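Peer 1: Can you keep this structure in mind? I'll have questions shortly.
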Amino acid sequence: MEEFSKAPDGEIAPAQAATRSMGSVLQRMAYPALLATTVATGVVALARGWDPTRISPLFLMGVLLYLTALERLIPYNRAWHPSRSEWRWYGIYFLFTMVGSAVAQALVSTAVAALSPAVPALPLWVEIPSALLLGSLASYLVHRLGHTQPLLWRLHGVHHVPQKVNVANNGVNHVLDIVLAQGFVQLALALAGFSRESVFVVGLFVTAQGYFVHANIDVHIGRLNHFLASPEQHRLHHSTALSEAGHYGSDLSVWDHLFGSYTWRPGRTPVAVGLSDPASFPDTGQIVASLLHPTRRPPRDGGDTPGN
């Protein structure tokens with residue numbers, strides 16, 4: 001906690017009191033504001049017929065700017081702010097992540113065009129929650145497999161190398177991990193026949209949640225933790241102690257409850273974040289080595305086994 005100097009009479013100086021009060025307001029309003037903006041964007045975009053291919057990238061940039069600003073205003077851990085060199089690395093990985101997302105979308109675009117109905121079979125107020133639940137379940141399953149299957153862990157483990165959790169390193173991923181994970185989720189939604197409108201709205205929410213849970217911000221969502229994922233939970237997911245990890249859902253937490261991977265409780269924080277065996281993966285700055293890591297022969301001592 002930040003310490004405040006006292007005025008001569010023992011009270012906190014007015015300017016510092018105002019700063020603390022502003023921080024308290026931001027802590028309470030940061031998440032509701034993000035959710036409200038997400039809903040408003042979806043509603044207005046659908047009502048006005050805006051092109052999702054233009055709105056989605058703009059929305060992503062807005063989310064990144066908003067959460068990055070909050071990391072400076074109400075940080076959870078100031079030591080987790082990216083250094084200059086880390087900003088460069090994270091930027092390169094972010095581009096790889098965007099490429100992976102585009103490839104995944106391209107791979108399933110034919111199926112989406114063929115299987116998504118031109119007119120929603122259900123009202124959007126029914127279809128959107130249904131698409132969210134299915135997409136969230138698909139995301140949970142493929143994420144959990146990324147931690148339990150050795151071959152998939154060699155891809156997904158790249159994301160767990162940093163010893164910090166912040167908005168910028170949410171994009172630290174192996175490009176093939178993004179292709180497989182997002183392709184699986186999008187294909188599940190396409191096979192279910194959800195409309196483009198519902199997939200677009202769900203995509204906005206998933207984008208906001210994905211970066212929110214990774215944000216280095218001091219916010220608490222209380223009982224909502226039992227339904228929605230949060231930074232409080234996701235920091236545990238990155239813990240070096242596997243007993244407190246879990247939390248494979250990055251949008252909803254209901255699947256973690258259902259499948260026994262929910263470990264959060266009020267006040268619980270990770271011992272440390274990163275890999276339990278840091279030597280099993282290249283450093284984040286070794287970008288080429290990280291991309292080639294899946295082709296490397298696993299060590300005989302089992303140091304490359306799934307986990308974090």
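Convention: chains lettered A, B, ... in structure tokens order; per-chain residue numbering from 1; ligands numbered from 1 as shown.
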Output as a ChimeraX atom specification all residues of stretch 140-302 of chain A that backbone DSSP marks as strand (DSSP E or B).

Peer 2: /A:217,228,239,252,273

Peer 1: What is the distance between atom CA of A:Ile55 and atom CA of A:Val206, in Å to one decimal?

Peer 2: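 Atom CA of A:Val206 lies 14.3 Å from atom CA of A:Ile55.
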
Peer 1: With 6 Å as the cut-off and only C-alpha atoms counted, what is the closest atom pair between each nearby residue of stretch 174-272 of chain A and stretch 61-77 of chain A? Distances in Å to one decimal, ordered by chain and number, as JSON lines.

Peer 2:
{"residue": "A:Asn216", "atom": "CA", "partner": "A:Tyr76", "partner_atom": "CA", "distance": 5.3}
{"residue": "A:Ile217", "atom": "CA", "partner": "A:Pro75", "partner_atom": "CA", "distance": 4.4}
{"residue": "A:Asp218", "atom": "CA", "partner": "A:Tyr76", "partner_atom": "CA", "distance": 4.3}

Peer 1: Point out the residue among A:Arg268, A:Arg28, A:His159, A:His257 with the least atom-to-atom distance to A:Arg235, counting only C-alpha atoms.

Peer 2: A:Arg268

Peer 1: Contacts of A:Val158 at 9 Å or less, counting only C-alpha atoms, minus same-chain residues fewer than 5 places along, as a list in words?

Peer 2: Trp153, Val172, Asn173, His174, Phe281, Pro282, Asp283, Thr284, Ser290, Leu291 and His293 of chain A

Peer 1: Which is closer to A:Gln27 than all the others in A:Lys164, A:Arg84, A:His220, A:His147, using only C-alpha atoms?

Peer 2: A:His220

Peer 1: Which of these, A:Thr53, A:Ser230, A:Ser109, A:Ser261, has the shortest distance to A:Leu189 once you count only C-alpha atoms?

Peer 2: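 Using only C-alpha atoms, A:Leu189 sits closest to A:Ser109.
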
Peer 1: Env of A:Val179: 8 Å cut, atoms = only C-alpha atoms, seq-sep filter 2 positions within chain, self excluded. Answer as a PyMOL selection string.

Peer 2: chain A and resi 100-101+103-104+175-177+181-183

Peer 1: How many Å lie between atom CA of A:Thr38 and atom CA of A:Val219, rounded to one decimal?

Peer 2: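 Here the two named atoms are 18.1 Å from each other.
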
Peer 1: Could you pull the residues within 10 Å of A:Leu152, counting only C-alpha atoms, minus those fewer than 3 positions along the same chain, as a list in words?

Peer 2: Val142, His143, Arg144, Leu145, Gly146, His147, Thr148, Gln149, Leu155, His156, Gly157, Leu176, Asp177, Leu180, Pro294 and Pro306 of chain A

Peer 1: When you draw a straight line from atom CA of A:Ala106 to atom CA of A:Arg88, how long is it in Å?

Peer 2: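 Separation between atom CA of A:Ala106 and atom CA of A:Arg88: 27.5 Å.
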
Peer 1: Can you list, as a ChimeraX atom specification, every protein, DNA or RNA residue that comes within 7 Å of A:His160 when you count only C-alpha atoms, leaving out same-chain residues fewer than 2 positions away?

Peer 2: /A:157-158,162,238,274-275,308

Peer 1: Select, from A:Phe96, A:Tyr248, A:Leu134, A:Leu151, the residue with the minimum atom-to-atom distance to A:Thr295, counting only C-alpha atoms.

Peer 2: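 Closest candidate: A:Leu151.
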
Peer 1: Excluding A:Ala245 and residues on its chain fewer than 5 positions from it, collect all residues at most 8 Å away from it, counting only C-alpha atoms, and give them as a JSON list (two decimals) with C-alpha atoms, in the first residue's frame.

Peer 2:
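And here is the file that came out, around.json:
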[["chain", "number", "residue", "atom", "x", "y", "z"],
["A", 236, "LEU", "CA", -3.25, -17.97, -9.33],
["A", 237, "HIS", "CA", -3.41, -19.69, -12.71],
["A", 238, "HIS", "CA", 0.11, -18.38, -13.37],
["A", 239, "SER", "CA", 1.36, -19.49, -9.95],
["A", 240, "THR", "CA", 4.51, -21.58, -9.74],
["A", 261, "SER", "CA", -10.09, -26.46, -10.96],
["A", 263, "THR", "CA", -8.85, -22.61, -6.15]]

Peer 1: With distances taken over only C-alpha atoms, which of A:Leu132, A:Ile92, A:Leu35, A:Leu137 is nearest to A:Leu258?

Peer 2: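 Counting only C-alpha atoms, the residue closest to A:Leu258 is A:Leu137.
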
Peer 1: Determine which residues of stretch 66-101 of chain A receive a DSSP assignment of helix (DSSP H, G or I), computed from the backbone, and state them as a list in words.

Peer 2: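 After running DSSP on the backbone, stretch 66-101 of chain A has helix (DSSP H, G or I) at Tyr66, Leu67, Thr68, Ala69, Leu70, Glu71, Arg72, Leu73, Arg78, Ala79, Trp80, Arg84, Ser85, Glu86, Trp87, Arg88, Trp89, Tyr90, Gly91, Ile92, Tyr93, Phe94, Leu95, Phe96, Thr97, Met98, Val99, Gly100 and Ser101 of chain A.
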
Peer 1: Name the closest residue to A:Gln105 among the candidates A:Tyr211, A:Phe184, A:Trp125, A:Trp89; distances are taken between atoms, counting only C-alpha atoms.

Peer 2: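 Under the stated criterion, the closest residue is A:Phe184.
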